[in-house]
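A.B. asks: Take this structure, written in structure tokens, and hold onto it; I'll ask about it next.
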Amino acid sequence: MLTAAAVSAQNPIVQTCFTTDPAPMVDGDTFYIYTGHDENGADFFWMQEWRVYSSKDMVNWTDHGSPLAIEDFSWGDDRAWAPQCVARDGKYYFYVPLHSSLSGGMAIGVAVGDSPTGPFKDALGKPLFDDGSWDNIDPTVFIDDDGQAWIFWGNPVIRYAKLNRDMISIDGDVKTVVQTAEGFGAPGLKERKKDAKIGPDGDYKDCYTEGPWIMKRGKKYYLLYAAGGIPEHIAYSMADSPEGPWKYMGPVMPLQDTGSFTNHCGVADFKGKSYFAYHTGKLPGGGGFGRSVALEEFRYNPDGTFPTINMTEEGVSPVATLDPFKRVEAETMAYSKGVITEQNAKTGVYLSGIHNGDWIKLRNVDFGKGGAAEFKASAASALRGGVIEVRLDSVEGPVVATLPVKGTGGWEEWQTFSTRLSQKVSGVHDLYLLFSGRKGPRLFNLDWWEFKQ
């Protein structure tokens, strides 16, 4: 089972913790995904922070940790729910919903940073919007071709407004989208018929629930959203203007066994391909309050509409190779078993929770024609250490290096260890780092690794 999973699985794209509500953003040659974070063992959406992941090849993801949390907002005290980050004029604007200690409802906040991975700080010292309502969740932002920025949010209503050029203030009034059967498959919640049923055989085709994603392609505007009540699927509507009128277009990701009763999507193009991000409950121990981000590649229909997108375990294919001759952060991986990541101000993010039998996988690693002859890694262990086995192409593939890691006197007392490869490695391979040592205890932490020719 381990071998089969290691060969084929890519979804969920993060296995070291639960990640939710993905919001993709492309910046230069890098694809970023901003997420929420479900706590282990949660019985509700008890979420405390937001996280960031990035990739240049769409299969190996670097964990940048949490650059923003509830504690960064003096007015917020709970519920770090679905975010989105947008770049403008050399700054990065991070829009988030959280519970307001000022009004007792949910509110929309905005943080700003100089880098896609932060650090971020509260741009206003107060909410961007807070009227005491519980509808103020799931902000989504886009910048139109004319430079006008728009923000949408809401459950079960859809609110929207223009943003000023500064991206941290609202231009004019906050408006509410009038939901109709033509626009969203059903009227708004208050306007629906009593005891009305939603679905193919019901009174209405569908209904908006939450989690909007606003975008533009060509001259058309798209609003994707979690739909259908509970359990949720993803549907969408289209318009010729950000202010509508909207036309209901149908499901994008129909209801299926995602393992989660909610869903939340984001869409982005990268290196000539289109990607659909969503979340499932498919990580071991996951579920409706333990969700994980997944990713699918898709092609728009010739008329610009969305195709039907279904969940897969395989996920997406690589669009580039990984260079092993440059320092690779240990928190970069395509898939993993058993490990977690930790973060602090001194070291940043590093690989932790390493026990006997754990491993990480990296895809599409290009050793070139000259090949690799040496393997180096920075590790730390308070006590016993362990061993890193370097294998090619599967967890049971050939061992090309064995690197002993000794105790260093502390879990962050980093030392560099190196070893010669038993054979020169060239060409493109999937790479596995398998960890072994005494059964039961934590072995060591890993900060980075690289190969030498």
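Here's how to read the names in the structure tokens: chain A, B, ... by the order shown, residue numbers from 1 in each chain, ligand numbers from 1 in the order shown.
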Please identify the strand (DSSP E or B) residues within range 276-423 of chain A (assignment by DSSP from backbone atoms) and present them as a count of residues only.
C.D. replies: 72
A.B. asks: How far is it from CA of Ser54 in chain A to CA of Ala330 in chain A, in Å with one decimal?
C.D. replies: 13.6 Å
A.B. asks: Name the closest residue to Tyr248 in chain A among the candidates A:Met311, A:Gly304, A:Val96, A:Thr180; distances are taken between atoms, counting only C-alpha atoms.
C.D. replies: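 Of A:Met311, A:Gly304, A:Val96, A:Thr180, the one nearest Tyr248 in chain A, counting only C-alpha atoms, is A:Thr180.
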A.B. asks: Mind listing the alpha helix (DSSP H) residues of range 78-270 of chain A, per DSSP on the backbone, as a ChimeraX atom specification?
C.D. replies: /A:181-184
A.B. asks: Can I get the selection written as a PDB file, in the first residue's frame, with all heavy atoms?
C.D. replies:
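Result written to again-v1.pdb:
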ATOM      1  N   ALA A 181     -33.344  32.559  -9.251  1.00  0.00           N
ATOM      2  CA  ALA A 181     -33.221  31.215  -9.814  1.00  0.00           C
ATOM      3  C   ALA A 181     -32.425  31.251 -11.106  1.00  0.00           C
ATOM      4  O   ALA A 181     -31.643  30.332 -11.393  1.00  0.00           O
ATOM      5  CB  ALA A 181     -34.607  30.619 -10.052  1.00  0.00           C
ATOM      6  N   GLU A 182     -32.579  32.306 -11.882  1.00  0.00           N
ATOM      7  CA  GLU A 182     -31.835  32.424 -13.133  1.00  0.00           C
ATOM      8  C   GLU A 182     -30.357  32.668 -12.880  1.00  0.00           C
ATOM      9  O   GLU A 182     -29.500  32.203 -13.639  1.00  0.00           O
ATOM     10  CB  GLU A 182     -32.409  33.571 -13.972  1.00  0.00           C
ATOM     11  CG  GLU A 182     -33.823  33.366 -14.465  1.00  0.00           C
ATOM     12  CD  GLU A 182     -34.878  33.552 -13.376  1.00  0.00           C
ATOM     13  OE1 GLU A 182     -34.577  34.225 -12.363  1.00  0.00           O
ATOM     14  OE2 GLU A 182     -35.984  33.011 -13.531  1.00  0.00           O
ATOM     15  N   GLY A 183     -30.057  33.385 -11.807  1.00  0.00           N
ATOM     16  CA  GLY A 183     -28.677  33.758 -11.538  1.00  0.00           C
ATOM     17  C   GLY A 183     -27.877  32.726 -10.777  1.00  0.00           C
ATOM     18  O   GLY A 183     -26.671  32.561 -11.007  1.00  0.00           O
ATOM     19  N   PHE A 184     -28.535  32.002  -9.840  1.00  0.00           N
ATOM     20  CA  PHE A 184     -27.805  31.100  -8.954  1.00  0.00           C
ATOM     21  C   PHE A 184     -28.504  29.764  -8.735  1.00  0.00           C
ATOM     22  O   PHE A 184     -28.111  29.007  -7.855  1.00  0.00           O
ATOM     23  CB  PHE A 184     -27.547  31.791  -7.615  1.00  0.00           C
ATOM     24  CG  PHE A 184     -26.659  33.004  -7.751  1.00  0.00           C
ATOM     25  CD1 PHE A 184     -27.203  34.264  -7.956  1.00  0.00           C
ATOM     26  CD2 PHE A 184     -25.277  32.870  -7.720  1.00  0.00           C
ATOM     27  CE1 PHE A 184     -26.381  35.380  -8.102  1.00  0.00           C
ATOM     28  CE2 PHE A 184     -24.456  33.979  -7.868  1.00  0.00           C
ATOM     29  CZ  PHE A 184     -25.011  35.232  -8.066  1.00  0.00           C
TER      30      PHE A 184
END
A.B. asks: Please compute the CA of Tyr278 in chain A-CA of Lys216 in chain A distance, one decimal, in Å.
C.D. replies: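 Distance reported for this atom pair: 18.7 Å.
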A.B. asks: With distances taken over only C-alpha atoms, which of A:Asp366, A:Gly353, A:Gly397, A:Phe152 is nearest to Ala380 in chain A?
C.D. replies: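 That would be A:Gly353, the residue with the smallest distance to Ala380 in chain A.
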A.B. asks: Please indicate the distance in Å from CA of Lys282 in chain A to CA of Asp430 in chain A, rounded to one decimal place.
C.D. replies: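 Interatomic distance, CA of Lys282 in chain A to CA of Asp430 in chain A: 23.4 Å.
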A.B. asks: Would you list the contacts of range 187-201 of chain A as a PyMOL selection string, taking every protein, DNA or RNA residue within 10 Å and counting only C-alpha atoms, but skipping same-chain residues closer than 2 positions in sequence?
C.D. replies: chain A and resi 156-158+177-185+203-209+228-229
A.B. asks: Could you write those residues out with N, CA, C and O atoms, as a PDB file, in the first residue's frame?
C.D. replies:
ATOM      1  N   PRO A 156     -25.307  33.437   3.973  1.00  0.00           N
ATOM      2  CA  PRO A 156     -25.719  32.923   2.670  1.00  0.00           C
ATOM      3  C   PRO A 156     -25.977  34.023   1.644  1.00  0.00           C
ATOM      4  O   PRO A 156     -26.422  33.740   0.541  1.00  0.00           O
ATOM      5  N   VAL A 157     -25.738  35.262   2.032  1.00  0.00           N
ATOM      6  CA  VAL A 157     -25.867  36.372   1.085  1.00  0.00           C
ATOM      7  C   VAL A 157     -24.541  36.550   0.354  1.00  0.00           C
ATOM      8  O   VAL A 157     -23.515  36.012   0.763  1.00  0.00           O
ATOM      9  N   ILE A 158     -24.574  37.316  -0.736  1.00  0.00           N
ATOM     10  CA  ILE A 158     -23.352  37.679  -1.459  1.00  0.00           C
ATOM     11  C   ILE A 158     -23.227  39.193  -1.405  1.00  0.00           C
ATOM     12  O   ILE A 158     -24.029  39.920  -1.996  1.00  0.00           O
ATOM     13  N   VAL A 177     -25.786  41.205  -3.737  1.00  0.00           N
ATOM     14  CA  VAL A 177     -26.262  40.592  -4.976  1.00  0.00           C
ATOM     15  C   VAL A 177     -27.667  40.053  -4.754  1.00  0.00           C
ATOM     16  O   VAL A 177     -27.924  39.353  -3.763  1.00  0.00           O
ATOM     17  N   VAL A 178     -28.555  40.377  -5.655  1.00  0.00           N
ATOM     18  CA  VAL A 178     -29.903  39.824  -5.614  1.00  0.00           C
ATOM     19  C   VAL A 178     -29.847  38.436  -6.233  1.00  0.00           C
ATOM     20  O   VAL A 178     -29.643  38.283  -7.441  1.00  0.00           O
ATOM     21  N   GLN A 179     -30.014  37.421  -5.404  1.00  0.00           N
ATOM     22  CA  GLN A 179     -29.967  36.046  -5.900  1.00  0.00           C
ATOM     23  C   GLN A 179     -31.327  35.652  -6.480  1.00  0.00           C
ATOM     24  O   GLN A 179     -32.359  35.846  -5.842  1.00  0.00           O
ATOM     25  N   THR A 180     -31.266  35.097  -7.678  1.00  0.00           N
ATOM     26  CA  THR A 180     -32.468  34.634  -8.368  1.00  0.00           C
ATOM     27  C   THR A 180     -32.250  33.207  -8.853  1.00  0.00           C
ATOM     28  O   THR A 180     -31.115  32.717  -8.895  1.00  0.00           O
ATOM     29  N   ALA A 181     -33.344  32.559  -9.251  1.00  0.00           N
ATOM     30  CA  ALA A 181     -33.221  31.215  -9.814  1.00  0.00           C
ATOM     31  C   ALA A 181     -32.425  31.251 -11.106  1.00  0.00           C
ATOM     32  O   ALA A 181     -31.643  30.332 -11.393  1.00  0.00           O
ATOM     33  N   GLU A 182     -32.579  32.306 -11.882  1.00  0.00           N
ATOM     34  CA  GLU A 182     -31.835  32.424 -13.133  1.00  0.00           C
ATOM     35  C   GLU A 182     -30.357  32.668 -12.880  1.00  0.00           C
ATOM     36  O   GLU A 182     -29.500  32.203 -13.639  1.00  0.00           O
ATOM     37  N   GLY A 183     -30.057  33.385 -11.807  1.00  0.00           N
ATOM     38  CA  GLY A 183     -28.677  33.758 -11.538  1.00  0.00           C
ATOM     39  C   GLY A 183     -27.877  32.726 -10.777  1.00  0.00           C
ATOM     40  O   GLY A 183     -26.671  32.561 -11.007  1.00  0.00           O
ATOM     41  N   PHE A 184     -28.535  32.002  -9.840  1.00  0.00           N
ATOM     42  CA  PHE A 184     -27.805  31.100  -8.954  1.00  0.00           C
ATOM     43  C   PHE A 184     -28.504  29.764  -8.735  1.00  0.00           C
ATOM     44  O   PHE A 184     -28.111  29.007  -7.855  1.00  0.00           O
ATOM     45  N   GLY A 185     -29.540  29.485  -9.520  1.00  0.00           N
ATOM     46  CA  GLY A 185     -30.261  28.225  -9.379  1.00  0.00           C
ATOM     47  C   GLY A 185     -31.401  28.286  -8.398  1.00  0.00           C
ATOM     48  O   GLY A 185     -32.262  27.408  -8.373  1.00  0.00           O
ATOM     49  N   ASP A 203     -37.569  22.030  -6.432  1.00  0.00           N
ATOM     50  CA  ASP A 203     -38.164  23.288  -6.879  1.00  0.00           C
ATOM     51  C   ASP A 203     -37.132  24.179  -7.568  1.00  0.00           C
ATOM     52  O   ASP A 203     -37.476  24.970  -8.437  1.00  0.00           O
ATOM     53  N   TYR A 204     -35.857  24.043  -7.128  1.00  0.00           N
ATOM     54  CA  TYR A 204     -34.792  24.871  -7.677  1.00  0.00           C
ATOM     55  C   TYR A 204     -33.634  23.994  -8.135  1.00  0.00           C
ATOM     56  O   TYR A 204     -33.411  22.903  -7.608  1.00  0.00           O
ATOM     57  N   LYS A 205     -32.888  24.470  -9.108  1.00  0.00           N
ATOM     58  CA  LYS A 205     -31.746  23.717  -9.639  1.00  0.00           C
ATOM     59  C   LYS A 205     -30.612  23.621  -8.621  1.00  0.00           C
ATOM     60  O   LYS A 205     -29.941  22.605  -8.499  1.00  0.00           O
ATOM     61  N   ASP A 206     -30.364  24.719  -7.887  1.00  0.00           N
ATOM     62  CA  ASP A 206     -29.180  24.805  -7.043  1.00  0.00           C
ATOM     63  C   ASP A 206     -29.344  26.006  -6.133  1.00  0.00           C
ATOM     64  O   ASP A 206     -30.361  26.706  -6.194  1.00  0.00           O
ATOM     65  N   CYS A 207     -28.320  26.288  -5.310  1.00  0.00           N
ATOM     66  CA  CYS A 207     -28.356  27.508  -4.519  1.00  0.00           C
ATOM     67  C   CYS A 207     -26.951  27.882  -4.069  1.00  0.00           C
ATOM     68  O   CYS A 207     -26.111  27.018  -3.816  1.00  0.00           O
ATOM     69  N   TYR A 208     -26.690  29.163  -4.014  1.00  0.00           N
ATOM     70  CA  TYR A 208     -25.441  29.679  -3.465  1.00  0.00           C
ATOM     71  C   TYR A 208     -25.408  29.422  -1.963  1.00  0.00           C
ATOM     72  O   TYR A 208     -26.404  29.618  -1.264  1.00  0.00           O
ATOM     73  N   THR A 209     -24.237  29.001  -1.456  1.00  0.00           N
ATOM     74  CA  THR A 209     -24.093  28.798  -0.015  1.00  0.00           C
ATOM     75  C   THR A 209     -23.025  29.715   0.571  1.00  0.00           C
ATOM     76  O   THR A 209     -23.309  30.527   1.449  1.00  0.00           O
ATOM     77  N   GLY A 228     -25.499  24.344  -2.867  1.00  0.00           N
ATOM     78  CA  GLY A 228     -26.354  23.214  -2.556  1.00  0.00           C
ATOM     79  C   GLY A 228     -26.659  23.002  -1.096  1.00  0.00           C
ATOM     80  O   GLY A 228     -27.297  22.015  -0.729  1.00  0.00           O
ATOM     81  N   GLY A 229     -26.207  23.891  -0.220  1.00  0.00           N
ATOM     82  CA  GLY A 229     -26.386  23.658   1.210  1.00  0.00           C
ATOM     83  C   GLY A 229     -25.367  22.643   1.696  1.00  0.00           C
ATOM     84  O   GLY A 229     -24.247  22.604   1.211  1.00  0.00           O
TER      85      GLY A 229
END
A.B. asks: Leaving out range 268-271 of chain A and any residue of its chain fewer than 6 positions from it, which residues lie within 8 Å of it when counting only C-alpha atoms, given as a list in words?
C.D. replies: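 Once the adjacent positions are removed, what remains is Pro24, Met25, Val26, Phe31 and Val319 of chain A.
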A.B. asks: Could you write out that same residue set with C-alpha atoms as a compact mmCIF listing (two decimals), in the first residue's frame?
C.D. replies:
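This went into out_3.txt:
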# COMPACT_ATOMS: atom_id res chain seq x y z
CA PRO A 24 -4.18 30.26 -5.38
CA MET A 25 -2.09 33.22 -6.57
CA VAL A 26 0.56 33.26 -9.30
CA PHE A 31 2.39 29.29 -7.80
CA VAL A 319 5.52 21.41 -15.33
A.B. asks: Write out as a list of chain:residue names which residues come within 10 Å of Arg420 in chain A when counting only C-alpha atoms, dropping same-chain ones fewer than 6 positions away.
C.D. replies: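 My list of contacting residues is A:Ala372, A:Ala373, A:Glu374, A:Phe375, A:Lys376, A:Val400, A:Ala401, A:Thr402, A:Leu403, A:Phe451, A:Lys452.
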